[in-house]
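Undergrad: For reference, the file structure09.cif (mmCIF, C-alpha atoms) is included below:
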data_upload
#
loop_
_atom_site.label_atom_id
_atom_site.label_comp_id
_atom_site.auth_asym_id
_atom_site.auth_seq_id
_atom_site.Cartn_x
_atom_site.Cartn_y
_atom_site.Cartn_z
CA MET R 18 -2.90 73.89 -40.78
CA PRO R 19 -3.92 76.00 -37.75
CA VAL R 20 -7.29 75.60 -36.13
CA PHE R 21 -8.85 79.04 -36.07
CA GLU R 22 -9.73 80.13 -32.56
CA LYS R 23 -11.51 83.28 -33.68
CA GLN R 24 -15.14 82.73 -34.66
CA ILE R 25 -16.71 84.56 -37.58
CA ASP R 26 -18.77 87.50 -36.32
CA VAL R 27 -21.98 86.54 -38.14
CA ALA R 28 -23.95 89.52 -36.84
CA GLY R 29 -21.28 91.96 -37.98
CA LEU R 30 -20.89 90.17 -41.31
CA THR R 31 -24.64 90.33 -41.88
CA ALA R 32 -24.79 94.01 -41.04
CA LEU R 33 -21.99 94.82 -43.49
CA ALA R 34 -23.62 92.79 -46.27
CA GLN R 35 -26.90 94.64 -45.66
CA GLU R 36 -25.20 98.01 -45.72
CA LEU R 37 -23.45 97.17 -48.98
CA VAL R 38 -26.74 96.14 -50.61
CA ARG R 39 -28.35 99.35 -49.37
CA THR R 40 -25.62 101.41 -51.05
CA PRO R 41 -26.16 101.64 -54.84
CA SER R 42 -23.01 101.12 -56.91
CA LEU R 43 -23.65 101.04 -60.62
CA SER R 44 -20.54 100.64 -62.76
CA GLY R 45 -18.65 103.92 -62.68
CA GLN R 46 -20.46 104.99 -59.50
CA GLU R 47 -18.76 102.78 -56.90
CA GLY R 48 -17.33 105.57 -54.72
CA ALA R 49 -19.73 105.23 -51.78
CA VAL R 50 -19.30 101.46 -51.57
CA ALA R 51 -15.52 101.84 -51.90
CA ALA R 52 -15.42 104.19 -48.91
CA LEU R 53 -17.61 101.82 -46.92
CA LEU R 54 -15.43 98.82 -47.72
CA ALA R 55 -12.17 100.64 -47.01
CA GLU R 56 -13.40 101.58 -43.54
CA ALA R 57 -14.64 98.05 -42.82
CA MET R 58 -11.39 96.47 -44.00
CA GLN R 59 -9.34 98.64 -41.65
CA VAL R 60 -11.53 97.58 -38.72
CA HIS R 61 -11.33 93.88 -39.51
CA GLY R 62 -7.62 93.24 -39.81
CA TRP R 63 -6.58 94.40 -43.28
CA GLN R 64 -3.42 96.52 -43.47
CA ASP R 65 -2.32 99.26 -45.84
CA VAL R 66 -5.91 99.74 -46.99
CA HIS R 67 -6.13 102.27 -49.79
CA ILE R 68 -8.08 103.23 -52.88
CA ASP R 69 -5.93 103.15 -56.01
CA ARG R 70 -5.98 105.52 -58.97
CA MET R 71 -8.77 103.66 -60.73
CA GLY R 72 -10.91 103.45 -57.59
CA ASN R 73 -10.25 99.85 -56.54
CA VAL R 74 -10.01 99.14 -52.80
CA ILE R 75 -6.90 97.17 -51.86
CA GLY R 76 -5.84 95.74 -48.51
CA ARG R 77 -3.10 93.38 -47.38
CA ILE R 78 -2.35 90.99 -44.53
CA GLY R 79 1.13 89.55 -44.28
CA PRO R 80 4.66 90.55 -45.27
CA GLU R 81 4.88 93.50 -47.62
CA GLY R 82 6.52 92.87 -50.98
CA ALA R 83 5.76 89.15 -51.15
CA PRO R 84 2.41 88.76 -52.92
CA GLY R 85 0.97 85.28 -52.57
CA LEU R 86 -2.81 85.23 -52.87
CA LEU R 87 -5.22 87.74 -54.37
CA LEU R 88 -8.83 87.52 -53.20
CA ASP R 89 -10.93 89.20 -55.87
CA GLY R 90 -14.42 90.69 -55.79
CA HIS R 91 -16.18 93.50 -57.63
CA MET R 92 -18.10 96.41 -56.13
CA ASP R 93 -20.29 97.36 -59.08
CA THR R 94 -23.71 95.97 -59.90
CA VAL R 95 -26.02 96.02 -62.86
CA GLY R 96 -29.09 98.23 -62.70
CA VAL R 97 -32.43 97.36 -61.11
CA GLY R 98 -34.44 97.45 -64.32
CA ASP R 99 -38.18 97.61 -63.73
CA ALA R 100 -38.46 98.29 -59.98
CA LYS R 101 -42.10 97.13 -60.06
CA ALA R 102 -40.93 93.62 -60.97
CA TRP R 103 -39.17 93.23 -57.61
CA ALA R 104 -41.09 91.53 -54.81
CA ARG R 105 -38.87 93.37 -52.32
CA ASP R 106 -37.19 96.77 -52.42
CA PRO R 107 -33.85 96.12 -54.18
CA PHE R 108 -32.03 98.53 -51.84
CA GLU R 109 -33.66 97.67 -48.52
CA GLY R 110 -31.35 94.77 -47.72
CA GLN R 111 -34.27 92.79 -46.31
CA ILE R 112 -33.57 89.48 -44.54
CA VAL R 113 -36.28 86.82 -44.61
CA ASP R 114 -35.77 83.31 -43.20
CA GLY R 115 -32.00 83.71 -43.17
CA VAL R 116 -31.77 85.01 -46.75
CA LEU R 117 -30.56 88.50 -47.71
CA TYR R 118 -32.40 90.03 -50.66
CA GLY R 119 -31.49 92.98 -52.87
CA ARG R 120 -29.49 94.13 -55.85
CA GLY R 121 -25.99 92.74 -55.59
CA ALA R 122 -26.74 90.28 -52.77
CA SER R 123 -25.46 87.35 -54.84
CA ASP R 124 -23.38 89.35 -57.33
CA MET R 125 -21.50 90.09 -55.24
CA LYS R 126 -21.85 92.25 -52.16
CA GLY R 127 -22.48 89.32 -49.86
CA ALA R 128 -19.18 87.81 -50.95
CA LEU R 129 -17.38 91.13 -50.46
CA ALA R 130 -18.59 91.23 -46.86
CA ALA R 131 -17.36 87.64 -46.37
CA LEU R 132 -13.93 88.59 -47.77
CA VAL R 133 -13.69 91.52 -45.38
CA PHE R 134 -14.57 89.39 -42.34
CA ALA R 135 -12.14 86.65 -43.39
CA GLY R 136 -9.53 89.26 -42.47
CA GLN R 137 -10.31 88.78 -38.79
CA ARG R 138 -9.17 85.15 -38.90
CA ILE R 139 -6.23 85.73 -41.23
CA ALA R 140 -4.92 88.63 -39.14
CA ALA R 141 -5.05 86.46 -36.01
CA GLN R 142 -2.56 84.10 -37.74
CA ARG R 143 -0.50 86.88 -39.34
CA ASP R 144 2.78 85.58 -37.86
CA ARG R 145 2.35 82.30 -39.75
CA LEU R 146 2.16 83.96 -43.18
CA ASN R 147 5.18 83.71 -45.45
CA ARG R 148 3.53 85.69 -48.20
CA ALA R 149 0.94 88.42 -48.34
CA VAL R 150 -2.79 87.95 -48.82
CA TYR R 151 -4.44 90.76 -50.78
CA LEU R 152 -8.12 91.64 -50.88
CA CYS R 153 -8.97 93.62 -54.01
CA ALA R 154 -12.48 95.03 -54.45
CA VAL R 155 -12.59 96.21 -58.04
CA VAL R 156 -14.62 98.59 -60.18
CA GLN R 157 -16.41 98.18 -63.53
CA GLU R 158 -16.33 94.40 -63.65
CA GLU R 159 -19.88 94.18 -64.97
CA PRO R 160 -19.28 95.96 -68.29
CA CYS R 161 -15.61 94.99 -68.69
CA GLU R 162 -14.41 92.07 -66.59
CA GLY R 163 -10.67 91.89 -66.10
CA LEU R 164 -10.15 95.61 -66.71
CA ALA R 165 -9.61 96.61 -63.07
CA VAL R 166 -7.63 93.56 -61.98
CA ARG R 167 -5.38 94.12 -64.99
CA HIS R 168 -4.74 97.62 -63.65
CA ILE R 169 -3.96 96.26 -60.19
CA ILE R 170 -1.44 93.73 -61.51
CA GLU R 171 0.15 95.73 -64.32
CA ASN R 172 0.02 99.27 -62.89
CA GLU R 173 -0.21 98.87 -59.11
CA GLY R 174 2.45 96.14 -59.01
CA ILE R 175 0.61 93.38 -57.12
CA ARG R 176 1.63 90.12 -58.80
CA PRO R 177 0.15 87.14 -56.93
CA MET R 178 0.99 83.47 -57.26
CA ALA R 179 -2.70 82.54 -57.12
CA VAL R 180 -6.13 84.15 -57.40
CA VAL R 181 -9.44 83.20 -55.81
CA ILE R 182 -12.46 84.95 -57.31
CA ALA R 183 -15.38 85.23 -54.89
CA GLU R 184 -18.15 85.22 -57.51
CA ALA R 185 -21.16 83.04 -56.76
CA THR R 186 -20.52 79.27 -56.92
CA ASN R 187 -22.98 78.08 -54.23
CA LEU R 188 -19.92 77.15 -52.11
CA GLN R 189 -18.59 74.87 -54.88
CA LEU R 190 -15.29 75.28 -56.74
CA ALA R 191 -15.27 76.82 -60.21
CA ARG R 192 -12.14 76.16 -62.23
CA GLY R 193 -12.96 77.82 -65.51
CA GLN R 194 -15.39 79.63 -67.78
CA ARG R 195 -16.02 80.38 -71.40
CA GLY R 196 -14.66 83.64 -72.71
CA ARG R 197 -16.53 86.23 -74.73
CA ILE R 198 -16.00 88.77 -77.44
CA GLU R 199 -18.24 91.57 -78.60
CA LEU R 200 -18.44 92.07 -82.35
CA GLN R 201 -19.82 95.06 -84.20
CA VAL R 202 -20.76 94.47 -87.82
CA ASP R 203 -21.32 97.61 -89.89
CA VAL R 204 -23.56 96.65 -92.80
CA TYR R 205 -23.74 99.06 -95.73
CA GLY R 206 -26.44 99.68 -98.32
CA ARG R 207 -27.36 102.56 -100.61
CA SER R 208 -29.87 105.18 -99.52
CA CYS R 209 -32.79 106.40 -101.60
CA HIS R 210 -36.27 107.80 -101.06
CA ALA R 211 -38.51 105.28 -99.30
CA SER R 212 -41.20 105.88 -101.93
CA ALA R 213 -39.01 104.07 -104.45
CA PRO R 214 -37.03 101.51 -102.40
CA GLU R 215 -35.98 99.56 -105.51
CA ARG R 216 -33.56 102.39 -106.33
CA GLY R 217 -31.44 101.69 -103.26
CA VAL R 218 -30.07 98.87 -101.14
CA ASN R 219 -31.68 98.65 -97.71
CA ALA R 220 -28.98 98.09 -95.09
CA ILE R 221 -31.57 96.67 -92.68
CA TYR R 222 -32.53 93.97 -95.21
CA GLU R 223 -28.86 93.17 -95.72
CA ALA R 224 -28.38 92.96 -91.95
CA THR R 225 -31.39 90.64 -91.73
CA ARG R 226 -29.68 88.24 -94.13
CA LEU R 227 -26.60 88.37 -91.93
CA VAL R 228 -28.57 87.65 -88.77
CA PHE R 229 -30.25 84.65 -90.37
CA ALA R 230 -26.92 83.28 -91.59
CA LEU R 231 -25.35 83.69 -88.13
CA GLN R 232 -28.30 81.89 -86.58
CA LEU R 233 -27.69 78.94 -88.91
CA GLN R 234 -23.99 78.93 -88.05
CA ALA R 235 -24.41 78.93 -84.25
CA PRO R 236 -24.99 75.14 -83.86
CA GLN R 237 -21.71 74.45 -85.70
CA LEU R 238 -19.48 76.23 -83.18
CA SER R 239 -16.73 74.40 -81.30
CA ASN R 240 -17.37 72.31 -78.20
CA ASP R 241 -15.21 71.60 -75.13
CA SER R 242 -15.84 68.65 -72.86
CA PHE R 243 -15.60 70.82 -69.74
CA LEU R 244 -16.61 74.36 -70.70
CA GLY R 245 -19.21 73.36 -73.28
CA LYS R 246 -20.03 74.86 -76.65
CA GLY R 247 -19.24 78.26 -77.96
CA SER R 248 -22.33 80.34 -78.58
CA LEU R 249 -23.45 83.28 -80.64
CA ALA R 250 -26.28 85.72 -80.04
CA VAL R 251 -27.25 88.89 -81.89
CA THR R 252 -28.01 91.29 -79.05
CA ALA R 253 -28.69 94.66 -80.71
CA ILE R 254 -29.44 96.20 -84.10
CA ALA R 255 -29.45 99.90 -84.97
CA SER R 256 -29.75 101.70 -88.31
CA GLU R 257 -28.89 105.13 -89.67
CA ALA R 258 -30.76 107.08 -92.32
CA GLY R 259 -31.45 110.71 -93.20
CA SER R 260 -35.04 110.43 -92.00
CA ARG R 261 -37.89 107.95 -91.53
CA ASN R 262 -38.72 108.17 -95.24
CA VAL R 263 -35.21 107.33 -96.43
CA VAL R 264 -33.97 103.80 -97.06
CA PRO R 265 -31.08 103.38 -94.57
CA ASP R 266 -27.57 102.96 -95.91
CA HIS R 267 -25.98 101.81 -92.62
CA CYS R 268 -27.05 99.20 -90.08
CA MET R 269 -25.06 98.07 -87.03
CA VAL R 270 -25.41 94.51 -85.77
CA TYR R 271 -23.94 93.62 -82.37
CA VAL R 272 -23.00 90.04 -81.58
CA ASP R 273 -22.24 88.45 -78.19
CA ARG R 274 -19.91 85.57 -79.01
CA ARG R 275 -19.06 83.20 -76.15
CA LEU R 276 -15.72 81.49 -76.68
CA THR R 277 -14.88 77.97 -75.60
CA ILE R 278 -11.38 76.52 -75.42
CA GLY R 279 -9.63 76.81 -78.79
CA GLU R 280 -11.70 79.77 -79.97
CA THR R 281 -10.03 83.17 -80.19
CA GLU R 282 -10.62 86.70 -81.39
CA ALA R 283 -9.12 85.76 -84.74
CA THR R 284 -11.36 82.73 -85.24
CA ALA R 285 -14.50 84.63 -84.21
CA LEU R 286 -13.75 87.45 -86.66
CA ALA R 287 -12.93 84.98 -89.43
CA GLU R 288 -16.26 83.18 -88.95
CA VAL R 289 -18.26 86.35 -89.49
CA ARG R 290 -16.14 87.44 -92.44
CA ARG R 291 -16.74 84.09 -94.14
CA VAL R 292 -20.48 84.57 -93.74
CA LEU R 293 -20.29 88.07 -95.20
CA SER R 294 -18.28 86.81 -98.16
CA ARG R 295 -20.55 83.84 -98.81
CA GLU R 296 -23.71 85.97 -98.63
CA ALA R 297 -22.13 88.84 -100.62
CA ILE R 298 -23.00 91.35 -97.91
CA ARG R 299 -21.04 94.60 -97.98
CA ALA R 300 -19.94 95.02 -94.38
CA GLU R 301 -17.06 95.38 -91.97
CA VAL R 302 -16.66 93.52 -88.66
CA ARG R 303 -14.60 94.78 -85.74
CA VAL R 304 -14.15 94.48 -82.00
CA PRO R 305 -15.28 97.65 -80.19
CA ARG R 306 -13.27 99.15 -77.35
CA TYR R 307 -14.66 99.74 -73.89
CA GLN R 308 -13.92 103.34 -72.97
CA THR R 309 -15.03 105.21 -69.87
CA THR R 310 -13.85 107.30 -66.92
CA SER R 311 -13.85 105.76 -63.44
CA TYR R 312 -15.40 107.54 -60.47
CA THR R 313 -11.90 108.75 -59.56
CA GLY R 314 -11.36 110.29 -63.00
CA TRP R 315 -9.08 107.53 -64.30
CA GLN R 316 -9.39 106.95 -68.05
CA CYS R 317 -10.19 103.30 -68.80
CA GLU R 318 -9.91 101.59 -72.16
CA GLN R 319 -9.78 97.98 -73.29
CA PRO R 320 -10.86 95.90 -76.32
CA GLU R 321 -14.03 93.88 -75.71
CA VAL R 322 -12.12 90.57 -75.85
CA PHE R 323 -12.19 88.17 -72.90
CA PRO R 324 -10.52 84.74 -73.36
CA ALA R 325 -11.77 81.41 -72.09
CA TRP R 326 -9.73 79.75 -69.35
CA THR R 327 -9.47 76.66 -67.18
CA THR R 328 -7.32 75.63 -64.23
CA PRO R 329 -6.40 71.91 -64.26
CA GLU R 330 -8.25 69.68 -61.84
CA ASP R 331 -4.97 68.38 -60.41
CA SER R 332 -3.37 71.82 -59.94
CA PRO R 333 -1.96 72.76 -56.52
CA LEU R 334 -4.47 75.61 -56.15
CA VAL R 335 -7.46 73.34 -56.79
CA ARG R 336 -6.09 70.90 -54.21
CA GLN R 337 -5.47 73.68 -51.67
CA VAL R 338 -8.94 75.17 -52.06
CA THR R 339 -10.56 71.72 -51.92
CA ALA R 340 -8.70 70.93 -48.69
CA SER R 341 -9.75 74.29 -47.25
CA VAL R 342 -13.42 73.64 -48.02
CA VAL R 343 -13.20 70.19 -46.45
CA SER R 344 -11.56 71.57 -43.31
CA GLU R 345 -14.21 74.25 -42.87
CA LEU R 346 -17.40 72.68 -44.24
CA GLY R 347 -16.72 68.96 -43.87
CA LEU R 348 -17.33 67.96 -47.50
CA PRO R 349 -15.28 68.35 -50.68
CA PRO R 350 -16.67 70.87 -53.16
CA ARG R 351 -18.01 69.88 -56.54
CA LEU R 352 -15.67 71.01 -59.32
CA THR R 353 -17.65 73.12 -61.75
CA ARG R 354 -17.49 76.06 -64.14
CA TRP R 355 -19.18 79.42 -64.42
CA GLU R 356 -21.66 80.15 -67.18
CA PHE R 357 -21.04 83.89 -66.82
CA SER R 358 -17.73 85.72 -67.22
CA THR R 359 -15.40 86.86 -64.43
CA ASP R 360 -12.07 88.59 -63.75
CA GLY R 361 -10.44 85.23 -64.50
CA VAL R 362 -10.44 86.25 -68.17
CA TYR R 363 -7.42 88.37 -67.28
CA THR R 364 -5.82 86.61 -64.30
CA ALA R 365 -5.89 83.16 -65.92
CA GLY R 366 -6.73 83.89 -69.55
CA VAL R 367 -4.11 86.60 -70.11
CA ALA R 368 -1.67 86.68 -67.18
CA GLY R 369 -1.56 82.89 -66.73
CA ILE R 370 -1.97 83.07 -62.95
CA PRO R 371 -3.58 79.95 -61.40
CA THR R 372 -7.16 81.00 -60.69
CA VAL R 373 -10.26 79.41 -59.21
CA GLY R 374 -13.62 80.60 -57.97
CA PHE R 375 -15.36 80.06 -54.67
CA GLY R 376 -18.23 82.10 -53.34
CA PRO R 377 -21.58 82.23 -51.58
CA GLY R 378 -24.75 82.70 -53.57
CA GLU R 379 -26.11 80.98 -56.63
CA GLU R 380 -25.31 82.04 -60.17
CA ARG R 381 -28.98 81.76 -61.18
CA TYR R 382 -29.90 84.74 -58.96
CA ALA R 383 -27.31 87.12 -60.41
CA HIS R 384 -28.81 90.05 -62.37
CA THR R 385 -32.38 88.97 -61.52
CA VAL R 386 -35.21 90.52 -59.50
CA ASP R 387 -34.74 87.63 -57.04
CA ASP R 388 -31.12 88.56 -56.24
CA GLN R 389 -30.36 86.86 -52.90
CA VAL R 390 -27.80 85.07 -50.75
CA ARG R 391 -28.06 82.89 -47.64
CA ILE R 392 -26.56 84.45 -44.51
CA ALA R 393 -25.22 81.09 -43.35
CA ASP R 394 -23.30 80.78 -46.62
CA LEU R 395 -21.64 84.16 -46.05
CA ALA R 396 -20.20 82.92 -42.77
CA SER R 397 -19.13 79.63 -44.37
CA ALA R 398 -17.41 81.48 -47.20
CA ALA R 399 -15.55 83.77 -44.80
CA GLY R 400 -14.17 80.75 -42.97
CA VAL R 401 -13.09 79.10 -46.21
CA TYR R 402 -11.38 82.26 -47.50
CA ALA R 403 -9.31 82.41 -44.32
CA ALA R 404 -8.41 78.73 -44.60
CA ILE R 405 -7.37 79.17 -48.24
CA ALA R 406 -5.17 82.12 -47.31
CA MET R 407 -3.32 80.10 -44.69
CA ARG R 408 -2.81 77.12 -47.00
CA VAL R 409 -1.56 79.20 -49.92
CA CYS R 410 0.52 81.72 -47.96
CA GLY R 411 1.26 80.03 -44.63
#
Translate this file's structure into structure tokens.
TA:
Amino acid sequence: MPVFEKQIDVAGLTALAQELVRTPSLSGQEGAVAALLAEAMQVHGWQDVHIDRMGNVIGRIGPEGAPGLLLDGHMDTVGVGDAKAWARDPFEGQIVDGVLYGRGASDMKGALAALVFAGQRIAAQRDRLNRAVYLCAVVQEEPCEGLAVRHIIENEGIRPMAVVIAEATNLQLARGQRGRIELQVDVYGRSCHASAPERGVNAIYEATRLVFALQLQAPQLSNDSFLGKGSLAVTAIASEAGSRNVVPDHCMVYVDRRLTIGETEATALAEVRRVLSREAIRAEVRVPRYQTTSYTGWQCEQPEVFPAWTTPEDSPLVRQVTASVVSELGLPPRLTRWEFSTDGVYTAGVAGIPTVGFGPGEERYAHTVDDQVRIADLASAAGVYAAIAMRVCG
């Protein structure tokens, strides 16, 4: 493989990462960051840079019409929460002792900046590419992972041979993750005046029985030697009644069900239905649909089902990424998995495209008031992304 003569512009990379952190981009509000990224990508070697109908930013290096590698990152972040809980302003982009702090630093604006600057090295070796390298910065990954990359592959026509997701791995190699499914259980009772509750059936009490039964079931879920156990958590409860002095006849219970290998939408639904039948609870369980409008006005819709996936340890992509890390950083990466969910639920879990993850930042800082990433790791990641591109597409 070629030895890269062009050095990573660490100062420029740092400045872009800071600017991205300083630009808020909640899900559905990514327009300002998209414009910033599109401009930076054009400057740093990416060709045919454009914003698609959904609002994703897409750039290419290499021969048109021959997709090889898709480098994936998302532009949106979760909210700040209680701003008083932050030790540093979440939108200042402060750097202390070589660490960038702020919302999205680890998840994943630092990685986006590294992907952009990898373009400098890849473009310098453009003549050696047999297939195209695509950088796709996607929208709305936080609430509905896989939604935007599905659009890119199915509607925009980019069909890569391999995908590298730049989510935080602490410069290690992630080759899988558990999936997840959101379940809504509508529990029904019979309303009556709260002064005589014995005349009705309280839907909240019925839902409480369900929650307790689900809690007992959680330890019995399937286990996978690599991804670990499936899990189940009740994350929200809401009730409906005519007023505060009416026994409610409807209670909604929301369940976050993490799926390990072998668990599917059908098995997750069947588990809850068995509990309802055994406990004689009158209820219906269903999978809600994510529905929203992107910042460009594109209508988005998808069931809240995200399958588990793994890429084999001996796969060509794992070997190529491992060799790239060794060539750039001098040591082989540890093969690991993500605890959280990523766009791999679609690329690997649905489309069957070989997928791995490699990124700067640590998973433990994502979505926290300590959101941070080491500047040195951004430069390391940029070098590795370029090396991967040349191995996969050169």
Undergrad: Point out the residue among R:Ala399, R:Val180, R:Cys153, R:Ala404 with the least atom-to-atom distance to Val362 (chain R), counting only C-alpha atoms.
TA: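 Answer, going by the shortest atom-to-atom distance: R:Val180.
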Undergrad: Looking at R:Trp355, R:Tyr205, R:Trp63, R:Phe243, which one is nearest to Cys268 (chain R), with distances taken over all atoms listed in the file?
TA: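 Answer, going by the shortest atom-to-atom distance: R:Tyr205.
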Undergrad: Suppose a student applies the PyMOL selection byres ((chain R and resi 392-397) around 9) to this structure; what residues should they get, written as a ChimeraX atom specification?
TA: /R:25-27,30-31,34,112,115-117,127-128,130-131,134-135,187-188,345-346,376-378,390-391,398-402
Undergrad: Could you save the residues just selected, with C-alpha atoms, as a PDB file, keeping the file's coordinate frame?
TA:
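Listed below is the output, again-v4.pdb:
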ATOM      1  CA  ILE R  25     -16.710  84.560 -37.580  1.00  0.00           C
ATOM      2  CA  ASP R  26     -18.770  87.500 -36.320  1.00  0.00           C
ATOM      3  CA  VAL R  27     -21.980  86.540 -38.140  1.00  0.00           C
ATOM      4  CA  LEU R  30     -20.890  90.170 -41.310  1.00  0.00           C
ATOM      5  CA  THR R  31     -24.640  90.330 -41.880  1.00  0.00           C
ATOM      6  CA  ALA R  34     -23.620  92.790 -46.270  1.00  0.00           C
ATOM      7  CA  ILE R 112     -33.570  89.480 -44.540  1.00  0.00           C
ATOM      8  CA  GLY R 115     -32.000  83.710 -43.170  1.00  0.00           C
ATOM      9  CA  VAL R 116     -31.770  85.010 -46.750  1.00  0.00           C
ATOM     10  CA  LEU R 117     -30.560  88.500 -47.710  1.00  0.00           C
ATOM     11  CA  GLY R 127     -22.480  89.320 -49.860  1.00  0.00           C
ATOM     12  CA  ALA R 128     -19.180  87.810 -50.950  1.00  0.00           C
ATOM     13  CA  ALA R 130     -18.590  91.230 -46.860  1.00  0.00           C
ATOM     14  CA  ALA R 131     -17.360  87.640 -46.370  1.00  0.00           C
ATOM     15  CA  PHE R 134     -14.570  89.390 -42.340  1.00  0.00           C
ATOM     16  CA  ALA R 135     -12.140  86.650 -43.390  1.00  0.00           C
ATOM     17  CA  ASN R 187     -22.980  78.080 -54.230  1.00  0.00           C
ATOM     18  CA  LEU R 188     -19.920  77.150 -52.110  1.00  0.00           C
ATOM     19  CA  GLU R 345     -14.210  74.250 -42.870  1.00  0.00           C
ATOM     20  CA  LEU R 346     -17.400  72.680 -44.240  1.00  0.00           C
ATOM     21  CA  GLY R 376     -18.230  82.100 -53.340  1.00  0.00           C
ATOM     22  CA  PRO R 377     -21.580  82.230 -51.580  1.00  0.00           C
ATOM     23  CA  GLY R 378     -24.750  82.700 -53.570  1.00  0.00           C
ATOM     24  CA  VAL R 390     -27.800  85.070 -50.750  1.00  0.00           C
ATOM     25  CA  ARG R 391     -28.060  82.890 -47.640  1.00  0.00           C
ATOM     26  CA  ALA R 398     -17.410  81.480 -47.200  1.00  0.00           C
ATOM     27  CA  ALA R 399     -15.550  83.770 -44.800  1.00  0.00           C
ATOM     28  CA  GLY R 400     -14.170  80.750 -42.970  1.00  0.00           C
ATOM     29  CA  VAL R 401     -13.090  79.100 -46.210  1.00  0.00           C
ATOM     30  CA  TYR R 402     -11.380  82.260 -47.500  1.00  0.00           C
TER      31      TYR R 402
END
Undergrad: When distances are computed from all atoms listed in the file, which of R:Arg148, R:His61, R:His67, R:Lys126 shows the smallest separation from Met92 (chain R)?
TA: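 The shortest atom-to-atom distance to Met92 (chain R) comes from R:Lys126.
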Undergrad: Need to verify the contact set: Glu184 (chain R), 9 Å, all atoms listed in the file, exclusion of same-chain residues closer than 6 positions in sequence. Can you return it as a PyMOL selection string?
TA: chain R and resi 89-91+123-125+128+359+374-378+380
Undergrad: Give me, as a list of chain:residue names, all polymer residues having an atom no more than 8 Å from Glu330 (chain R), counting all atoms listed in the file and skipping those fewer than 5 positions away in the same chain.
TA: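 Skipping anything fewer than 5 positions along the chain leaves R:Arg192, R:Val335, R:Leu352.
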Undergrad: Go ahead and save the picked residues with C-alpha atoms, as a CSV table (one decimal), in the frame of the given file.
TA:
chain,number,residue,atom,x,y,z
R,192,ARG,CA,-12.1,76.2,-62.2
R,335,VAL,CA,-7.5,73.3,-56.8
R,352,LEU,CA,-15.7,71.0,-59.3
Undergrad: So which one's closest to Val272 (chain R), R:Pro324, R:Ile198, R:Arg290, R:Trp315? Using all atoms listed in the file, please.
TA: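 Among the listed residues, R:Ile198 lies closest to Val272 (chain R).
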